[in-house]
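Below is input14.txt, which holds compact mmCIF, C-alpha atoms and all ligand atoms.
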# COMPACT_ATOMS: atom_id res chain seq x y z
CA ASN A 1 -17.21 -9.89 18.07
CA THR A 2 -13.65 -9.01 19.07
CA GLN A 3 -12.73 -5.46 18.06
CA ILE A 4 -9.72 -3.16 18.29
CA LEU A 5 -10.40 0.50 19.04
CA LEU A 6 -8.15 3.53 18.87
CA ASP A 7 -7.78 4.31 22.57
CA ASN A 8 -5.48 7.37 22.51
CA ARG A 9 -3.30 9.23 20.03
CA PRO A 10 0.43 8.61 19.67
CA ARG A 11 2.93 11.22 20.77
CA GLY A 12 5.73 10.68 18.24
CA GLN A 13 6.10 6.97 17.54
CA ALA A 14 2.91 4.87 17.63
CA SER A 15 2.83 2.08 20.26
CA PRO A 16 0.63 -0.90 21.22
CA ASP A 17 -0.80 1.22 24.08
CA ASN A 18 -2.60 3.41 21.54
CA PHE A 19 -4.99 0.51 20.87
CA ARG A 20 -7.57 -1.28 23.02
CA LEU A 21 -9.06 -4.73 22.44
CA VAL A 22 -12.72 -5.16 23.40
CA VAL A 23 -15.39 -7.78 22.90
CA GLY A 24 -18.54 -6.21 21.47
CA ASP A 25 -21.94 -7.48 20.35
CA THR A 26 -22.84 -8.18 16.77
CA PRO A 27 -26.00 -6.13 16.15
CA ALA A 28 -29.12 -7.74 14.69
CA LEU A 29 -29.60 -7.10 10.96
CA ARG A 30 -32.13 -4.61 9.63
CA ASP A 31 -33.62 -4.71 6.14
CA GLY A 32 -30.98 -4.08 3.46
CA GLN A 33 -28.08 -5.07 5.72
CA VAL A 34 -25.51 -7.84 5.39
CA LEU A 35 -23.46 -9.58 8.09
CA VAL A 36 -19.89 -10.27 6.98
CA ARG A 37 -17.47 -12.63 8.66
CA HIS A 38 -13.97 -11.26 8.03
CA HIS A 39 -11.30 -13.68 6.88
CA TYR A 40 -8.48 -11.13 6.55
CA LEU A 41 -7.86 -7.60 7.75
CA SER A 42 -5.55 -5.39 5.71
CA LEU A 43 -2.92 -3.31 7.53
CA ASP A 44 -1.86 -0.23 5.58
CA PRO A 45 0.50 2.69 6.20
CA TYR A 46 -2.33 5.27 5.80
CA MET A 47 -3.76 4.09 9.14
CA ARG A 48 -0.86 5.83 10.88
CA GLY A 49 -2.05 9.20 9.50
CA ARG A 50 -5.55 8.52 10.79
CA MET A 51 -4.27 8.01 14.35
CA ASN A 52 -3.21 11.67 14.51
CA GLU A 53 -5.28 14.79 14.75
CA GLY A 54 -4.45 17.50 12.28
CA LYS A 55 -3.80 17.69 8.56
CA SER A 56 -3.17 14.41 6.86
CA TYR A 57 -4.16 12.76 3.65
CA ALA A 58 -6.55 10.53 5.58
CA ALA A 59 -9.41 11.73 7.79
CA CYS A 60 -8.74 11.48 11.51
CA GLN A 61 -9.91 8.29 13.28
CA PRO A 62 -12.25 9.10 16.20
CA LEU A 63 -11.09 7.84 19.61
CA GLY A 64 -13.02 4.92 21.11
CA GLU A 65 -14.16 3.61 17.71
CA VAL A 66 -13.15 0.51 15.78
CA MET A 67 -9.97 1.20 13.78
CA ILE A 68 -10.74 1.69 10.11
CA GLY A 69 -9.43 -0.97 7.73
CA GLY A 70 -10.05 -2.93 4.56
CA THR A 71 -11.35 -6.50 4.99
CA VAL A 72 -12.24 -9.51 2.89
CA GLY A 73 -14.65 -12.15 4.05
CA GLU A 74 -17.81 -14.08 3.50
CA VAL A 75 -21.48 -13.14 3.80
CA ALA A 76 -22.80 -14.95 6.88
CA GLU A 77 -26.35 -13.57 6.81
CA SER A 78 -28.10 -11.32 4.31
CA HIS A 79 -31.17 -9.10 4.35
CA HIS A 80 -30.23 -7.65 0.96
CA PRO A 81 -31.30 -9.19 -2.36
CA ALA A 82 -27.89 -8.65 -4.06
CA TYR A 83 -25.97 -10.69 -1.47
CA ALA A 84 -26.32 -14.35 -0.60
CA VAL A 85 -24.83 -16.35 2.27
CA GLY A 86 -21.38 -17.57 1.18
CA ASP A 87 -20.64 -14.70 -1.23
CA LYS A 88 -17.03 -13.55 -0.97
CA VAL A 89 -16.80 -9.80 -0.46
CA VAL A 90 -14.29 -7.01 0.00
CA GLY A 91 -15.17 -4.00 2.13
CA MET A 92 -14.07 -1.62 4.84
CA GLY A 93 -15.09 -3.71 7.84
CA GLY A 94 -12.40 -2.37 10.20
CA TRP A 95 -10.30 -4.06 12.86
CA GLN A 96 -12.93 -6.56 14.02
CA GLU A 97 -14.07 -10.10 13.30
CA TRP A 98 -17.54 -9.30 11.95
CA SER A 99 -19.20 -6.27 10.42
CA VAL A 100 -22.73 -5.23 9.54
CA VAL A 101 -22.89 -3.37 6.24
CA ASP A 102 -25.66 -1.55 4.39
CA GLY A 103 -25.81 -3.39 1.09
CA ASP A 104 -26.72 -0.20 -0.78
CA ALA A 105 -24.06 2.09 0.70
CA PRO A 106 -21.84 3.12 -2.23
CA GLY A 107 -18.36 1.57 -2.23
CA MET A 108 -18.81 -0.28 1.08
CA LEU A 109 -19.11 -3.85 -0.19
CA ARG A 110 -18.12 -5.53 -3.45
CA LYS A 111 -18.48 -9.17 -4.44
CA VAL A 112 -15.27 -10.78 -5.70
CA ASP A 113 -14.47 -13.84 -7.76
CA THR A 114 -12.00 -16.21 -6.06
CA ARG A 115 -11.74 -18.77 -8.86
CA HIS A 116 -8.45 -17.37 -10.26
CA VAL A 117 -7.39 -14.89 -7.59
CA PRO A 118 -7.10 -15.84 -3.88
CA LEU A 119 -9.40 -13.88 -1.56
CA SER A 120 -6.58 -12.12 0.31
CA TYR A 121 -5.17 -10.63 -2.92
CA TYR A 122 -8.21 -8.36 -3.11
CA LEU A 123 -6.62 -6.42 -0.24
CA GLY A 124 -3.28 -6.15 -2.05
CA ALA A 125 -2.29 -6.66 -5.66
CA VAL A 126 -5.88 -6.79 -6.92
CA GLY A 127 -7.14 -4.16 -4.48
CA MET A 128 -6.40 -0.68 -3.21
CA PRO A 129 -2.57 -0.98 -3.22
CA GLY A 130 -2.54 -2.37 -6.77
CA VAL A 131 -4.78 0.43 -8.03
CA THR A 132 -2.48 2.92 -6.30
CA ALA A 133 0.47 1.61 -8.31
CA TRP A 134 -1.61 1.67 -11.50
CA TYR A 135 -2.72 5.28 -11.01
CA GLY A 136 0.77 6.62 -10.33
CA LEU A 137 2.26 4.72 -13.23
CA VAL A 138 -0.39 5.26 -15.87
CA ARG A 139 -1.86 8.65 -14.98
CA ILE A 140 1.18 10.46 -13.58
CA ILE A 141 4.42 8.88 -14.84
CA ASP A 142 2.86 7.81 -18.18
CA PRO A 143 6.05 6.11 -19.41
CA ARG A 144 7.24 5.17 -22.90
CA PRO A 145 8.63 1.67 -23.52
CA GLY A 146 12.35 1.54 -22.79
CA GLN A 147 12.27 4.32 -20.20
CA THR A 148 13.85 3.77 -16.78
CA LEU A 149 11.59 3.90 -13.72
CA VAL A 150 12.47 3.68 -10.03
CA VAL A 151 10.18 2.67 -7.15
CA SER A 152 10.91 2.72 -3.41
CA ALA A 153 9.45 0.13 -0.98
CA ALA A 154 9.65 -2.11 -4.06
CA SER A 155 8.86 -5.44 -2.38
CA GLY A 156 5.69 -4.10 -0.74
CA ALA A 157 2.06 -4.28 -1.79
CA VAL A 158 2.19 -1.13 -3.92
CA GLY A 159 5.80 -1.45 -5.11
CA SER A 160 5.48 -5.03 -6.35
CA ALA A 161 2.36 -4.18 -8.37
CA PHE A 162 4.11 -1.14 -9.79
CA GLY A 163 6.97 -3.32 -11.06
CA ALA A 164 4.69 -5.78 -12.84
CA LEU A 165 2.64 -3.00 -14.45
CA ALA A 166 5.78 -1.16 -15.59
CA LYS A 167 7.40 -4.31 -17.02
CA ALA A 168 4.17 -5.00 -18.94
CA ARG A 169 4.70 -1.58 -20.60
CA GLY A 170 8.27 -2.41 -21.65
CA CYS A 171 10.02 -0.21 -19.10
CA ARG A 172 13.28 -0.84 -17.32
CA VAL A 173 12.39 -0.97 -13.61
CA VAL A 174 14.74 -0.47 -10.68
CA GLY A 175 13.52 -1.10 -7.14
CA ILE A 176 14.76 0.13 -3.78
CA ALA A 177 14.13 -2.16 -0.80
CA GLY A 178 15.44 -2.93 2.69
CA GLY A 179 17.85 -5.88 2.90
CA PRO A 180 19.23 -8.62 0.62
CA ASP A 181 16.20 -10.95 0.92
CA LYS A 182 13.77 -8.30 -0.26
CA CYS A 183 16.13 -7.24 -3.07
CA ARG A 184 16.52 -10.85 -4.25
CA TYR A 185 12.74 -11.31 -4.31
CA VAL A 186 12.32 -8.05 -6.25
CA THR A 187 14.71 -9.08 -9.04
CA GLU A 188 14.28 -12.87 -9.10
CA GLU A 189 10.57 -13.30 -8.43
CA LEU A 190 9.09 -9.96 -9.46
CA GLY A 191 11.35 -9.56 -12.51
CA PHE A 192 12.69 -6.08 -11.80
CA ASP A 193 15.88 -5.25 -13.72
CA ALA A 194 17.77 -4.27 -10.55
CA CYS A 195 17.17 -3.56 -6.88
CA ILE A 196 19.16 -1.35 -4.50
CA ASP A 197 19.34 -2.21 -0.79
CA HIS A 198 18.75 1.04 1.10
CA ARG A 199 20.20 -0.51 4.25
CA ALA A 200 23.54 -0.89 2.42
CA HIS A 201 23.18 2.62 0.94
CA GLY A 202 21.94 4.56 3.93
CA ASP A 203 22.92 8.10 2.92
CA LEU A 204 22.46 10.41 -0.04
CA ALA A 205 25.95 10.04 -1.54
CA SER A 206 25.87 6.24 -1.42
CA MET A 207 22.28 5.95 -2.73
CA SER A 208 22.97 8.39 -5.54
CA LYS A 209 26.03 6.37 -6.59
CA ALA A 210 24.02 3.11 -6.52
CA LEU A 211 21.27 4.72 -8.64
CA LYS A 212 23.85 5.92 -11.16
CA GLN A 213 25.11 2.36 -11.53
CA ALA A 214 21.64 0.84 -11.83
CA CYS A 215 20.21 3.53 -14.14
CA HIS A 216 22.78 3.98 -16.93
CA ASP A 217 20.49 6.29 -18.89
CA GLY A 218 19.23 8.30 -15.92
CA ILE A 219 15.73 8.16 -14.41
CA ASP A 220 12.63 9.05 -16.45
CA GLY A 221 10.00 8.29 -13.83
CA HIS A 222 9.92 7.66 -10.10
CA PHE A 223 7.22 6.27 -7.80
CA GLU A 224 7.92 7.53 -4.28
CA ASN A 225 6.72 5.55 -1.28
CA VAL A 226 9.30 6.52 1.33
CA GLY A 227 10.69 10.09 1.08
CA GLY A 228 13.82 11.56 2.64
CA TYR A 229 17.27 10.95 1.19
CA ILE A 230 15.88 8.38 -1.29
CA LEU A 231 13.90 11.14 -3.02
CA ASP A 232 16.95 13.42 -2.91
CA ALA A 233 19.06 10.76 -4.58
CA VAL A 234 16.46 10.24 -7.33
CA LEU A 235 16.34 14.00 -8.03
CA LEU A 236 20.13 13.93 -8.54
CA ARG A 237 19.83 11.19 -11.18
CA ALA A 238 16.62 12.36 -12.87
CA ASN A 239 16.53 13.16 -16.57
CA ALA A 240 15.04 16.34 -18.00
CA PHE A 241 11.22 16.25 -17.80
CA ALA A 242 11.24 13.27 -15.42
CA ARG A 243 7.96 12.69 -13.57
CA VAL A 244 7.50 11.68 -9.94
CA ALA A 245 4.32 10.10 -8.60
CA LEU A 246 4.38 11.08 -4.92
CA CYS A 247 2.44 8.23 -3.36
CA GLY A 248 3.74 7.97 0.19
CA MET A 249 6.42 9.26 2.57
CA ILE A 250 6.46 6.48 5.13
CA ALA A 251 9.86 7.54 6.51
CA GLY A 252 8.02 10.54 8.05
CA TYR A 253 4.76 8.99 9.31
CA ASP A 254 5.85 9.04 12.95
CA GLY A 255 6.54 12.76 12.65
CA GLN A 256 10.13 12.72 11.42
CA PRO A 257 10.94 15.79 9.31
CA LEU A 258 11.78 15.00 5.67
CA PRO A 259 13.49 18.07 4.22
CA LEU A 260 14.53 18.11 0.55
CA ALA A 261 18.28 18.59 0.22
CA ASN A 262 18.22 20.26 -3.17
CA PRO A 263 14.80 21.36 -4.44
CA ALA A 264 16.44 23.40 -7.21
CA LEU A 265 16.89 20.09 -9.07
CA ILE A 266 13.13 20.10 -9.73
CA LEU A 267 13.65 23.29 -11.72
CA ILE A 268 16.97 22.31 -13.27
CA ASN A 269 15.49 19.00 -14.49
CA ARG A 270 12.10 20.63 -15.40
CA MET A 271 10.36 17.90 -13.38
CA ARG A 272 6.73 17.31 -12.56
CA ILE A 273 6.06 15.96 -9.06
CA GLU A 274 2.46 15.07 -8.31
CA GLY A 275 0.88 13.74 -5.14
CA PHE A 276 -2.34 11.74 -5.34
CA ILE A 277 -4.83 9.78 -3.23
CA VAL A 278 -6.14 6.65 -4.87
CA SER A 279 -9.61 6.86 -3.31
CA GLU A 280 -10.18 10.17 -5.12
CA HIS A 281 -9.90 8.44 -8.50
CA MET A 282 -12.60 5.77 -8.35
CA GLU A 283 -13.06 6.12 -12.14
CA VAL A 284 -9.84 4.17 -12.83
CA TRP A 285 -10.54 1.28 -10.45
CA PRO A 286 -12.38 -1.06 -12.86
CA GLU A 287 -9.73 -0.75 -15.59
CA ALA A 288 -6.85 -1.01 -13.11
CA LEU A 289 -8.34 -4.01 -11.27
CA ALA A 290 -8.96 -5.82 -14.55
CA GLU A 291 -5.31 -5.42 -15.58
CA LEU A 292 -3.99 -6.37 -12.14
CA GLY A 293 -6.24 -9.45 -11.99
CA GLY A 294 -4.89 -10.52 -15.38
CA LEU A 295 -1.27 -10.10 -14.26
CA VAL A 296 -1.90 -12.23 -11.16
CA ALA A 297 -3.88 -14.92 -13.00
CA SER A 298 -1.12 -15.22 -15.63
CA GLY A 299 1.66 -15.40 -13.02
CA ARG A 300 3.32 -12.15 -14.11
CA LEU A 301 2.61 -10.62 -10.71
CA ARG A 302 3.44 -12.91 -7.80
CA PRO A 303 2.65 -10.94 -4.65
CA ARG A 304 4.06 -11.90 -1.32
CA GLU A 305 2.17 -11.66 1.96
CA THR A 306 3.09 -11.43 5.64
CA ILE A 307 0.24 -12.83 7.69
CA ALA A 308 -0.25 -12.22 11.42
CA GLN A 309 -2.58 -14.67 13.20
CA GLY A 310 -5.63 -13.41 15.07
CA LEU A 311 -6.98 -9.92 15.69
CA ALA A 312 -4.97 -9.44 18.90
CA ALA A 313 -1.80 -9.54 16.78
CA ALA A 314 -2.92 -6.58 14.64
CA PRO A 315 -1.40 -3.66 16.62
CA GLN A 316 2.10 -5.15 16.72
CA ALA A 317 1.90 -6.23 13.07
CA PHE A 318 0.89 -2.69 12.15
CA LEU A 319 3.80 -1.16 14.08
CA ASP A 320 6.13 -3.67 12.39
CA LEU A 321 4.85 -2.55 8.99
CA LEU A 322 5.85 1.02 9.79
CA GLN A 323 9.36 -0.26 10.59
CA GLY A 324 9.66 -2.29 7.37
CA ARG A 325 9.45 -5.68 9.18
CA ASN A 326 6.72 -6.85 6.80
CA PHE A 327 7.71 -8.60 3.59
CA GLY A 328 5.00 -7.89 1.02
CA LYS A 329 1.37 -7.19 1.81
CA GLN A 330 0.70 -7.14 5.58
CA LEU A 331 -2.47 -8.99 6.56
CA VAL A 332 -4.10 -10.34 9.70
CA LYS A 333 -5.82 -13.72 9.38
CA LEU A 334 -8.99 -13.78 11.44
CA ILE A 335 -10.29 -17.31 10.87
P1 LIG B 401 4.51 -1.81 2.05
O1 LIG B 401 3.96 -3.18 1.91
O2 LIG B 401 5.43 -1.31 1.02
O3 LIG B 401 5.15 -1.67 3.48
C1 LIG B 401 5.83 -0.49 3.86
C2 LIG B 401 7.32 -0.60 3.48
O4 LIG B 401 7.90 0.68 3.55
C3 LIG B 401 8.13 -1.42 4.45
O5 LIG B 401 8.07 -2.81 4.21
C4 LIG B 401 9.53 -0.89 4.20
O6 LIG B 401 10.11 -1.59 3.12
C5 LIG B 401 9.28 0.54 3.76
N1 LIG B 401 9.70 1.45 4.81
C6 LIG B 401 9.16 1.67 6.00
N2 LIG B 401 9.83 2.61 6.68
C7 LIG B 401 10.83 2.99 5.89
C8 LIG B 401 11.88 3.92 6.05
N3 LIG B 401 12.01 4.67 7.14
N4 LIG B 401 12.75 4.04 5.05
C9 LIG B 401 12.63 3.27 3.95
N5 LIG B 401 11.64 2.39 3.76
C10 LIG B 401 10.76 2.25 4.72
O7 LIG B 401 3.28 -0.78 2.16
P2 LIG B 401 2.24 -0.41 1.01
O8 LIG B 401 2.68 -1.02 -0.26
O9 LIG B 401 0.90 -0.68 1.53
O10 LIG B 401 2.39 1.18 0.91
C11 LIG B 401 3.53 1.75 0.28
C12 LIG B 401 3.40 3.26 0.30
O11 LIG B 401 2.27 3.66 -0.47
C13 LIG B 401 3.22 3.89 1.67
O12 LIG B 401 4.00 5.05 1.74
C14 LIG B 401 1.75 4.24 1.70
O13 LIG B 401 1.46 5.30 2.57
C15 LIG B 401 1.52 4.61 0.25
N6 LIG B 401 0.13 4.53 -0.20
C16 LIG B 401 -0.44 5.66 -0.72
C17 LIG B 401 -1.70 5.65 -1.24
C18 LIG B 401 -2.24 6.87 -1.87
O14 LIG B 401 -3.41 6.90 -2.23
N7 LIG B 401 -1.46 7.90 -2.05
C19 LIG B 401 -2.53 4.43 -1.18
C20 LIG B 401 -1.83 3.26 -0.65
C21 LIG B 401 -0.55 3.34 -0.18
P3 LIG B 401 11.70 -1.81 3.03
O15 LIG B 401 12.04 -2.78 4.10
O16 LIG B 401 11.91 -2.29 1.67
O17 LIG B 401 12.31 -0.47 3.29
Could you write out this structure as structure tokens?
Amino acid sequence: NTQILLDNRPRGQASPDNFRLVVGDTPALRDGQVLVRHHYLSLDPYMRGRMNEGKSYAACQPLGEVMIGGTVGEVAESHHPAYAVGDKVVGMGGWQEWSVVDGDAPGMLRKVDTRHVPLSYYLGAVGMPGVTAWYGLVRIIDPRPGQTLVVSAASGAVGSAFGALAKARGCRVVGIAGGPDKCRYVTEELGFDACIDHRAHGDLASMSKALKQACHDGIDGHFENVGGYILDAVLLRANAFARVALCGMIAGYDGQPLPLANPALILINRMRIEGFIVSEHMEVWPEALAELGGLVASGRLRPRETIAQGLAAAPQAFLDLLQGRNFGKQLVKLI
């Protein structure tokens, strides 16, 4: 069982040296346990927070242990009556090829149906990132049809789901993404109304001008994945009583400071800005997953994936994700 451990904590930017690849044993199963062979490992920005000590939205990852991570796979052996060999399951198996799971542990393993939705999508559009988009849109932004919404990191796992969910509610949706290829995908394949390339609009004045052009009636709701000058630019174009779902601030995950240029705009625009963690709202998951599954099955949400091959490729693929080199959901294929 090949595994990747967190070996030491990053100082500033994370690097491949923070990780260590080892070959471990697969323990024998006890009663109630299930052996899962992982097909895909999910790489997610929150993992960067776990590599640090100190206050973060994710608990700190202990050194010398298998890196935490979402996985999908197949039951290879079962000592639990609810699971049979061959069942497809989603869980938190971590950065390794196999995991042993207690079948009764709450939230650790869930059977999934792969007849209409490919297995890997349960780590993206029809999984944690999709539910994240759903929660911010439905519970925080709560838009009316015809309102204008903006989302940063629009081509990614969360951003692409956000666009499909917002379009289904009759909103006008404007994405922000890095580079012409991602922007083309966001408008042409995901059906956003417009997309702004942040590489071509790399400062506050330029981004604010681009947002003014793309959002003729101002911004009623914003889903923030990045932070920094992008959030500043949105505040400048926000309408009165606009709402911001503060989901992520990936531009600062390696420790970069992200000061707000003009926080008085929150008062002037009477805005509500709310941070949230999707795993603290398990009550919405069934409803959100049902809607997301329907959007995928009907072709209204066509997620894109970047797939690294083999566990050894995981550290570099993860570092690439933090630099925006992924295009859509970042996965590692294990078999
Ligand atoms: P993505 O698939 O969107 O990948 C991350 C993307 O962020 C990159 O592709 C890149 O897109 C963009 N990015 C990275 N660095 C920068 C930067 N410095 N400036 C601008 N853009 C940057 O990841 P996810 O969809 O998985 O996650 C999106 C966000 O949602 C993250 O911030 C994550 O932490 C957050 N999140 C929060 C959760 C919660 O419960 N609050 C749960 C899940 C995710 P581009 O090239 O377009 O810039």
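For Gly227 (chain A), the residues within 7 Å (counting only C-alpha atoms, excluding itself and residues fewer than 6 positions away along the chain) are Met249, Ile250, Ala251 and Leu258 of chain A.
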For ligand LIG 401 (chain B), collect every residue having any atom at a distance of at most 6 Å from a ligand atom (counting all atoms listed in the file); output as an mmCIF file with C-alpha atoms, in the frame of the given file.
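And here is the file that came out, part-v8.cif:
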data_model
loop_
_atom_site.group_PDB
_atom_site.id
_atom_site.type_symbol
_atom_site.label_atom_id
_atom_site.label_comp_id
_atom_site.auth_asym_id
_atom_site.auth_seq_id
_atom_site.Cartn_x
_atom_site.Cartn_y
_atom_site.Cartn_z
ATOM 1 C CA ASP A 44 -1.860 -0.230 5.580
ATOM 2 C CA PRO A 45 0.500 2.690 6.200
ATOM 3 C CA TYR A 46 -2.330 5.270 5.800
ATOM 4 C CA PRO A 129 -2.570 -0.980 -3.220
ATOM 5 C CA THR A 132 -2.480 2.920 -6.300
ATOM 6 C CA ALA A 153 9.450 0.130 -0.980
ATOM 7 C CA SER A 155 8.860 -5.440 -2.380
ATOM 8 C CA GLY A 156 5.690 -4.100 -0.740
ATOM 9 C CA ALA A 157 2.060 -4.280 -1.790
ATOM 10 C CA VAL A 158 2.190 -1.130 -3.920
ATOM 11 C CA GLY A 159 5.800 -1.450 -5.110
ATOM 12 C CA ALA A 177 14.130 -2.160 -0.800
ATOM 13 C CA GLY A 178 15.440 -2.930 2.690
ATOM 14 C CA ASN A 225 6.720 5.550 -1.280
ATOM 15 C CA VAL A 226 9.300 6.520 1.330
ATOM 16 C CA CYS A 247 2.440 8.230 -3.360
ATOM 17 C CA GLY A 248 3.740 7.970 0.190
ATOM 18 C CA MET A 249 6.420 9.260 2.570
ATOM 19 C CA ILE A 250 6.460 6.480 5.130
ATOM 20 C CA ALA A 251 9.860 7.540 6.510
ATOM 21 C CA PHE A 276 -2.340 11.740 -5.340
ATOM 22 C CA ILE A 277 -4.830 9.780 -3.230
ATOM 23 C CA VAL A 278 -6.140 6.650 -4.870
ATOM 24 C CA LEU A 321 4.850 -2.550 8.990
ATOM 25 C CA LEU A 322 5.850 1.020 9.790
ATOM 26 C CA GLN A 323 9.360 -0.260 10.590
ATOM 27 C CA GLY A 324 9.660 -2.290 7.370
ATOM 28 C CA ARG A 325 9.450 -5.680 9.180
ATOM 29 C CA ASN A 326 6.720 -6.850 6.800
ATOM 30 C CA PHE A 327 7.710 -8.600 3.590
ATOM 31 C CA GLY A 328 5.000 -7.890 1.020
ATOM 32 C CA LYS A 329 1.370 -7.190 1.810
#
What is the distance, in Å and to one decimal place, between CA of Leu265 (chain A) and CA of His281 (chain A)?
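Interatomic distance here is 29.2 Å.
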A:Pro118, A:Glu224, A:Gly127, A:Ile4 ranked by distance to Ser279 (chain A), top pick (using all atoms listed in the file):
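Smallest distance to Ser279 (chain A) is found for A:Gly127.
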For Val23 (chain A), which residue out of A:Gln330, A:Ser206, A:Gln3, A:Ser160 is the nearest one, using only C-alpha atoms?
A:Gln3
Gap from CA of Lys167 (chain A) to CA of Trp134 (chain A) - Å, one decimal:
12.1 Å
Tell me which residues come within 12 Å of (0.9, 16.2, -15.0), as a PyMOL selection string, counting only C-alpha atoms in the file's coordinates.
chain A and resi 136-142+241-246+271-276
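From CA of Gly70 (chain A) back to CA of Arg302 (chain A), the distance works out to 20.8 Å.
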Within 7 Å of Gly146 (chain A), counting only C-alpha atoms, which residues qualify if same-chain residues fewer than 4 places away don't, as a PyMOL selection string?
chain A and resi 170-172
Kindly provide the residues of region 44-93 of chain A that approach region 27-35 of chain A to within 8 Å, each paired with its closest atom pair and their distance in Å to one decimal, based on only C-alpha atoms, listed by chain and increasing number, as a tab-separated table.
residue	atom	partner	partner_atom	distance
A:Val75	CA	A:Leu35	CA	5.9
A:Ala76	CA	A:Leu35	CA	5.5
A:Glu77	CA	A:Leu35	CA	5.1
A:Ser78	CA	A:Val34	CA	4.5
A:His79	CA	A:Gly32	CA	5.1
A:His80	CA	A:Gly32	CA	4.4
A:Pro81	CA	A:Gly32	CA	7.8
A:Tyr83	CA	A:Val34	CA	7.4
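Surrounding residues of (10.1, 4.2, -12.2) at most 8 Å away are Leu137, Ile141, Thr148, Leu149, Val150, Val151, Ala166, Arg172, Val173, Val174, Ile219, Asp220, Gly221, His222 and Phe223 of chain A (based on all atoms listed in the file).
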Can you pull out the residues contacting Pro16 (chain A)? Cut-off 8 Å, using all atoms listed in the file, and skip same-chain residues under 4 positions away; I want them as a PyMOL selection string.
chain A and resi 315-316+319
Nearest to Gly293 (chain A) among A:Val126, A:Ile268, A:Ala168, A:Leu260, with distances taken over only C-alpha atoms: which residue is it?
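Comparing A:Val126, A:Ile268, A:Ala168, A:Leu260 against Gly293 (chain A), the winner is A:Val126.
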Nearest to Gly179 (chain A) by atom-to-atom distance, counting all atoms listed in the file, from A:Ala164, A:Ala154, A:Val112, A:Leu236:
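Closest to Gly179 (chain A) of all the choices is A:Ala154.
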Selected residue, from A:Met282, A:Ile266, A:Leu41, A:Ala233, that lies nearest to Ala312 (chain A) when counting all atoms listed in the file
A:Leu41
